[in-house]
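Participant: Mind having a look at this structure? Questions to follow.
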Protein chains: 4
Amino acid sequence: MPKIVDHDQYRKELLNQCFDLFAEKGYASVTMRQIASWLDVSTGTLYHYFPNKEMLFAQFVDELSQRDILQAKTEMTAGQTLSDRIRIVFDYFERNRDYFFKQTLICVDFHQQMHREGIEISDPMKQVGERIEQSVEELLIELLGFDEPELVSFLMTFIDGLMMSDMYVTRRVDFQKQGELIIKMINAYVEKHPNSIAPDLKSLT
Amino acid sequence: MPKIVDHDQYRKELLNQCFDLFAEKGYASVTMRQIASWLDVSTGTLYHYFPNKEMLFAQFVDELSQRDILQAKTEMTAGQTLSDRIRIVFDYFERNRDYFFKQTLICVDFHQQMHREGIEISDPMKQVGERIEQSVEELLIELLGFDEPELVSFLMTFIDGLMMSDMYVTRRVDFQKQGELIIKMINAYVEKHPNSIAPDLKSLT
Amino acid sequence: MPKIVDHDQYRKELLNQCFDLFAEKGYASVTMRQIASWLDVSTGTLYHYFPNKEMLFAQFVDELSQRDILQAKTEMTAGQTLSDRIRIVFDYFERNRDYFFKQTLICVDFHQQMHREGIEISDPMKQVGERIEQSVEELLIELLGFDEPELVSFLMTFIDGLMMSDMYVTRRVDFQKQGELIIKMINAYVEKHPNSIAPDLKSLT
Amino acid sequence: MPKIVDHDQYRKELLNQCFDLFAEKGYASVTMRQIASWLDVSTGTLYHYFPNKEMLFAQFVDELSQRDILQAKTEMTAGQTLSDRIRIVFDYFERNRDYFFKQTLICVDFHQQMHREGIEISDPMKQVGERIEQSVEELLIELLGFDEPELVSFLMTFIDGLMMSDMYVTRRVDFQKQGELIIKMINAYVEKHPNSIAPDLKSLT
DNA sequence: TATGAATGAGAATTCATTCAT
DNA sequence: TATGAATGAATTCTCATTCAT
């Protein structure tokens, strides 16, 4: 085992490897021993890098969200028209469909963990949660290039729905088709209601 | 404590009371003792009605889904126009927003439980999962009164997204407004693309 | 289920049916529920006839030993010569080989139960144990027709060994052959040491 | 508590200390807590060394049998004449009378554990059982110095009977006297039936 | 820094026993 | 007399965490 000089660097590497494990089993069902064995280290080492299981998970989610935002920013570049922009967003989620489904499971887990009764949510955890929410929204707005709250909310909600869709085994949502449908719907909507639309949005269509 | 006459009836009563507990803590984090104490019975009694924790949860989800379908069928009656019908659906979810959010958390938990590696999913559990998927879709089609797959998929996905929306603390999705927006979007879309629409849908607009 | 009028009669019938169950699982490993279900009665009924598990077992062993002695007395009749007599005894154990093996397992269990530390052996249980020991010895002496302690002890010990022999899967002791061997050995011994033999034994050879 | 260096070594040490506990209470009646406290370790430590109670017991019996064979081989040395050899064997069992009685109780327990219905006997357990049987027989043949099956079977069965004898409280078998009796019997038998005896046996008398 | 042995509180589950019907 | 629902202490086993090396 190569000695990692940079403590913090190694900590993050460990966290990054936890993704599939947490996604598949869920926080509460994974034991520290399983994590350690998955990472090919001893439990002692785990406790050397993380004070306890809860903080490990919190740091994991934190790290995860930071990476995600960064990744999304670099991979998605704004398109010219509204259609392009929506298409880019849907493409991105389609390409990383598996990843985002797992990420959703993790988020739900994190949410439950944070809200389980009788336990005071530690400030760091709360902040993690809020930071994620904020930055995802900001990113979407930036990508779409307009700030029409209703419409942004609509798209975000729909994307949340998409990320959940792989929970259903018998159904299979086609991200591409859904994207095209939504593009058509929004275009038709914008055409029909030109006055209820913000200027920045109108300029895109 | 009165002696219970109908074993199966009492079993279901117990299951029905578990909803909030499972929603708030999650399957893995709830202990059998907590469940027992929440239900005001002894752990022994719990094991008198359920062979183990896993089956208790499976039966709980099963019972839950059956009740949900039934409830939805009785509460939602089809409206005249498409707008009415969509409005009815969104109203229903808005009214039971809290309930459905919790239900979503439970479903995610169930999904993870069913897919945790190394464990063969018992047939009963699989069936429960599939039954839920099927009936929700059927119900929606029935309510909307048309079977345009893309559009049904769109609405289901969006509703899934809505049910997730309460996970975000800082945002607050307004179901009503989103419903009205979607109605307008669909109407605009149907008007603009009359030829790509199934007859049963067209007759509704 | 026919109502058994005679409480005590029914109690004994229940006990008699327990033989295989106790032999196979052992006292400590059998649960009251298993006993009840084996007997096709409810646990409640079990507790109607026996104050607790321990007493059920004690009564079972008691009943067992009484039946055994009775059975042995009726089935074995003294032969003419010593050879005949030994042959009769070995025949009897051979015929009921399976039964006596199980009975031995039960006796060992009973012994351990009685001697487990920290528990005062109840007088009834002690008496049961002693009664068995006494009567088996008396029976053997009666059957053999002589009271040469060393030789009786030798035969009893050997029979104990025979009863244990089915514990070994790979070996297979042939009771008949062993009987004939012992007959020859005793005869040779008696011939060679005529003076060290009690008169009643000598008269049999 | 010092950190244990040799995992396997310590495991065996733990097993060796279990003898009296298992002998006195029996497998099913001993709890893991009792074992742990008897060994002065925590239950957690117990489960660190053994996967479960059943395997602990299987490993215990395995270890026990290995030690026994080894011990017997070093303590018993073959004598000159047949009488000597038999005497040595009886002496050995007399000296360790207590030990072998307990060992017998354990073997019965093990047998019952292995044959309790509905449970597939794990291969390791089966092997343990067979190994014991084999090696005891081999040892005896080696010690006696002849391989006359009937006679070996006779002696083994008798020894089994001796080991059971301490189960009887009121009786008291004298190993020495029984040994002398058997020596005389065998000698008389060999003298009288010189032709039915294997050469290797004859050469010993 | 890394290990894994050790801990003991707590989890799931079992079981003798009681008791209302 | 017979039932089986109900109990809760006890059992097997797990797991986050600590700590000597």
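Chains: A, B, ... in order of the structure tokens. Residues: from 1 per chain. Ligands: from 1, in order shown.
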Would you list the contacts of segment 21-34 of chain A as a PyMOL selection string, taking every protein, DNA or RNA residue within 8 Å and counting only C-alpha atoms (C1' of nucleotides), but skipping same-chain residues closer than 5 positions in sequence?
Facilitator: (chain A and resi 42-43+46+53+57+102-103+105-106+109-110) or (chain B and resi 28-29+112-113+115-117) or (chain F and resi 15-16)
Participant: What residues in chain A have any atom no more than 9 Å from chain E when counting only C-alpha atoms (C1' of nucleotides), and can you write them as an NGL selection string?
Facilitator: :A and (3 or 41-45 or 48)
Participant: Once you count only C-alpha atoms, what closest atom pair and distance in Å to one decimal does each residue of chain C within 7 Å of chain D have, with rows by chain and rising residue number, as a Markdown table?
Facilitator:
```
| residue | atom | partner | partner_atom | distance |
| --- | --- | --- | --- | --- |
| C:Glu24 | CA | D:Arg116 | CA | 5.7 |
| C:Lys25 | CA | D:Arg116 | CA | 5.3 |
| C:Gly26 | CA | D:Gln112 | CA | 6.9 |
| C:Ala28 | CA | D:Ala28 | CA | 5.6 |
| C:Ser29 | CA | D:Ala28 | CA | 5.9 |
| C:Leu105 | CA | D:Val108 | CA | 6.8 |
| C:Val108 | CA | D:Leu105 | CA | 6.8 |
| C:His111 | CA | D:Met167 | CA | 6.8 |
| C:Gln112 | CA | D:Lys25 | CA | 6.4 |
| C:Arg116 | CA | D:Lys25 | CA | 5.3 |
| C:Glu133 | CA | D:Tyr168 | CA | 6.6 |
| C:Ser153 | CA | D:Val173 | CA | 6.9 |
| C:Phe154 | CA | D:Gln178 | CA | 6.6 |
| C:Thr157 | CA | D:Gly161 | CA | 4.7 |
| C:Phe158 | CA | D:Phe158 | CA | 4.7 |
| C:Ile159 | CA | D:Gly161 | CA | 6.9 |
| C:Asp160 | CA | D:Gly161 | CA | 4.7 |
| C:Gly161 | CA | D:Gly161 | CA | 3.6 |
| C:Leu162 | CA | D:Thr157 | CA | 5.9 |
| C:Met164 | CA | D:Asp160 | CA | 7.0 |
| C:Ser165 | CA | D:Thr157 | CA | 6.8 |
| C:Met167 | CA | D:His111 | CA | 6.8 |
| C:Tyr168 | CA | D:Glu133 | CA | 6.5 |
| C:Val173 | CA | D:Ser153 | CA | 6.9 |
| C:Gln178 | CA | D:Phe154 | CA | 6.6 |
| C:Lys184 | CA | D:Tyr189 | CA | 6.8 |
| C:Met185 | CA | D:Tyr189 | CA | 5.0 |
| C:Ile186 | CA | D:Met185 | CA | 6.4 |
| C:Ala188 | CA | D:Ala188 | CA | 5.3 |
| C:Tyr189 | CA | D:Met185 | CA | 5.0 |
| C:Lys192 | CA | D:Ala188 | CA | 6.5 |
```
Participant: So that I have them on file, write out the residues from the current selection with N, CA, C and O atoms, as a compact mmCIF listing (two decimals), in the first residue's frame.
Facilitator:
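The resulting file, part_33.txt, is reproduced below:
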```txt
# COMPACT_ATOMS: atom_id res chain seq x y z
N GLU C 24 -34.21 -37.34 19.51
CA GLU C 24 -33.54 -36.73 18.37
C GLU C 24 -32.97 -35.35 18.67
O GLU C 24 -31.89 -35.01 18.22
N LYS C 25 -33.72 -34.55 19.39
CA LYS C 25 -33.28 -33.18 19.59
C LYS C 25 -32.59 -32.95 20.93
O LYS C 25 -31.75 -32.08 21.05
N GLY C 26 -32.97 -33.72 21.90
CA GLY C 26 -32.45 -33.47 23.23
C GLY C 26 -33.33 -32.49 23.99
O GLY C 26 -33.91 -31.58 23.39
N ALA C 28 -32.89 -29.91 25.99
CA ALA C 28 -32.68 -28.46 25.96
C ALA C 28 -32.99 -27.86 24.60
O ALA C 28 -33.36 -26.69 24.51
N SER C 29 -32.85 -28.65 23.56
CA SER C 29 -33.05 -28.10 22.21
C SER C 29 -34.51 -28.14 21.77
O SER C 29 -34.87 -27.53 20.78
N LEU C 105 -29.53 -41.97 24.72
CA LEU C 105 -29.38 -40.54 24.50
C LEU C 105 -30.23 -39.76 25.50
O LEU C 105 -29.78 -38.77 26.09
N VAL C 108 -28.68 -39.83 29.01
CA VAL C 108 -27.55 -38.92 29.14
C VAL C 108 -28.07 -37.50 29.32
O VAL C 108 -27.60 -36.74 30.18
N HIS C 111 -29.41 -37.11 32.76
CA HIS C 111 -28.31 -37.01 33.71
C HIS C 111 -27.72 -35.59 33.72
O HIS C 111 -27.52 -34.99 34.78
N GLN C 112 -27.47 -35.06 32.52
CA GLN C 112 -26.90 -33.71 32.45
C GLN C 112 -27.86 -32.68 33.03
O GLN C 112 -27.45 -31.77 33.74
N ARG C 116 -26.75 -30.28 36.18
CA ARG C 116 -26.26 -28.95 35.82
C ARG C 116 -26.15 -28.12 37.07
O ARG C 116 -27.03 -28.12 37.93
N GLU C 133 -31.86 -46.99 37.86
CA GLU C 133 -30.63 -47.75 38.09
C GLU C 133 -30.92 -49.06 38.81
O GLU C 133 -30.49 -50.13 38.38
N SER C 153 -21.64 -56.82 36.85
CA SER C 153 -21.12 -55.50 36.48
C SER C 153 -20.52 -55.55 35.08
O SER C 153 -20.71 -54.63 34.27
N PHE C 154 -19.80 -56.62 34.81
CA PHE C 154 -19.21 -56.77 33.49
C PHE C 154 -20.27 -56.76 32.40
O PHE C 154 -20.17 -56.04 31.40
N THR C 157 -22.03 -53.30 32.09
CA THR C 157 -21.15 -52.33 31.43
C THR C 157 -21.09 -52.60 29.94
O THR C 157 -21.17 -51.67 29.12
N PHE C 158 -20.99 -53.87 29.60
CA PHE C 158 -20.90 -54.20 28.18
C PHE C 158 -22.19 -53.81 27.45
O PHE C 158 -22.15 -53.28 26.34
N ILE C 159 -23.30 -54.08 28.09
CA ILE C 159 -24.58 -53.71 27.46
C ILE C 159 -24.67 -52.19 27.30
O ILE C 159 -25.13 -51.68 26.27
N ASP C 160 -24.22 -51.47 28.32
CA ASP C 160 -24.16 -50.00 28.17
C ASP C 160 -23.36 -49.62 26.94
O ASP C 160 -23.73 -48.75 26.17
N GLY C 161 -22.24 -50.31 26.78
CA GLY C 161 -21.39 -50.03 25.62
C GLY C 161 -22.11 -50.33 24.32
O GLY C 161 -22.03 -49.57 23.35
N LEU C 162 -22.83 -51.45 24.31
CA LEU C 162 -23.60 -51.80 23.11
C LEU C 162 -24.61 -50.71 22.75
O LEU C 162 -24.77 -50.34 21.58
N MET C 164 -24.45 -47.68 23.30
CA MET C 164 -23.78 -46.49 22.76
C MET C 164 -23.30 -46.69 21.33
O MET C 164 -23.00 -45.73 20.62
N SER C 165 -23.18 -47.96 20.95
CA SER C 165 -22.41 -48.26 19.73
C SER C 165 -23.00 -47.61 18.47
O SER C 165 -22.26 -47.35 17.53
N MET C 167 -23.82 -44.77 18.04
CA MET C 167 -23.38 -43.39 17.88
C MET C 167 -22.29 -43.30 16.81
O MET C 167 -22.11 -42.25 16.20
N TYR C 168 -21.61 -44.41 16.62
CA TYR C 168 -20.54 -44.41 15.64
C TYR C 168 -21.08 -44.85 14.30
O TYR C 168 -21.66 -45.92 14.16
N VAL C 173 -21.44 -52.57 15.28
CA VAL C 173 -21.28 -53.72 16.18
C VAL C 173 -22.39 -54.73 15.93
O VAL C 173 -23.56 -54.37 15.86
N GLN C 178 -21.26 -60.58 19.16
CA GLN C 178 -20.68 -60.18 20.43
C GLN C 178 -21.24 -61.05 21.56
O GLN C 178 -20.53 -61.44 22.48
N LYS C 184 -18.88 -67.59 24.98
CA LYS C 184 -17.69 -68.45 24.95
C LYS C 184 -16.67 -68.02 25.98
O LYS C 184 -16.07 -68.85 26.68
N MET C 185 -16.47 -66.74 26.08
CA MET C 185 -15.48 -66.24 27.03
C MET C 185 -15.87 -66.58 28.45
O MET C 185 -15.03 -67.03 29.26
N ILE C 186 -17.11 -66.39 28.77
CA ILE C 186 -17.54 -66.69 30.15
C ILE C 186 -17.44 -68.18 30.42
O ILE C 186 -16.97 -68.61 31.49
N ALA C 188 -15.45 -70.33 29.02
CA ALA C 188 -14.04 -70.67 29.17
C ALA C 188 -13.53 -70.24 30.54
O ALA C 188 -12.79 -70.96 31.22
N TYR C 189 -13.95 -69.05 30.93
CA TYR C 189 -13.52 -68.49 32.23
C TYR C 189 -14.02 -69.35 33.38
O TYR C 189 -13.27 -69.69 34.30
N LYS C 192 -12.18 -72.57 33.64
CA LYS C 192 -10.79 -72.46 34.08
C LYS C 192 -10.66 -72.06 35.55
O LYS C 192 -9.70 -72.40 36.23
```
Participant: Using backbone DSSP assignments, extract all helix (DSSP H, G or I) residues from segment 29-128 of chain B; output them as a ChimeraX atom specification.
Facilitator: /B:32-39,43-49,53-75,82-95,97-115,123-128
Participant: Which chain F residues are at most 12 Å from chain B (counting only C-alpha atoms (C1' of nucleotides)), as a list of chain:residue names?
Facilitator: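 The contacting residues on chain F are F:DT3, F:DG4, F:DA5, F:DA6, F:DT7, F:DG8, F:DA9.
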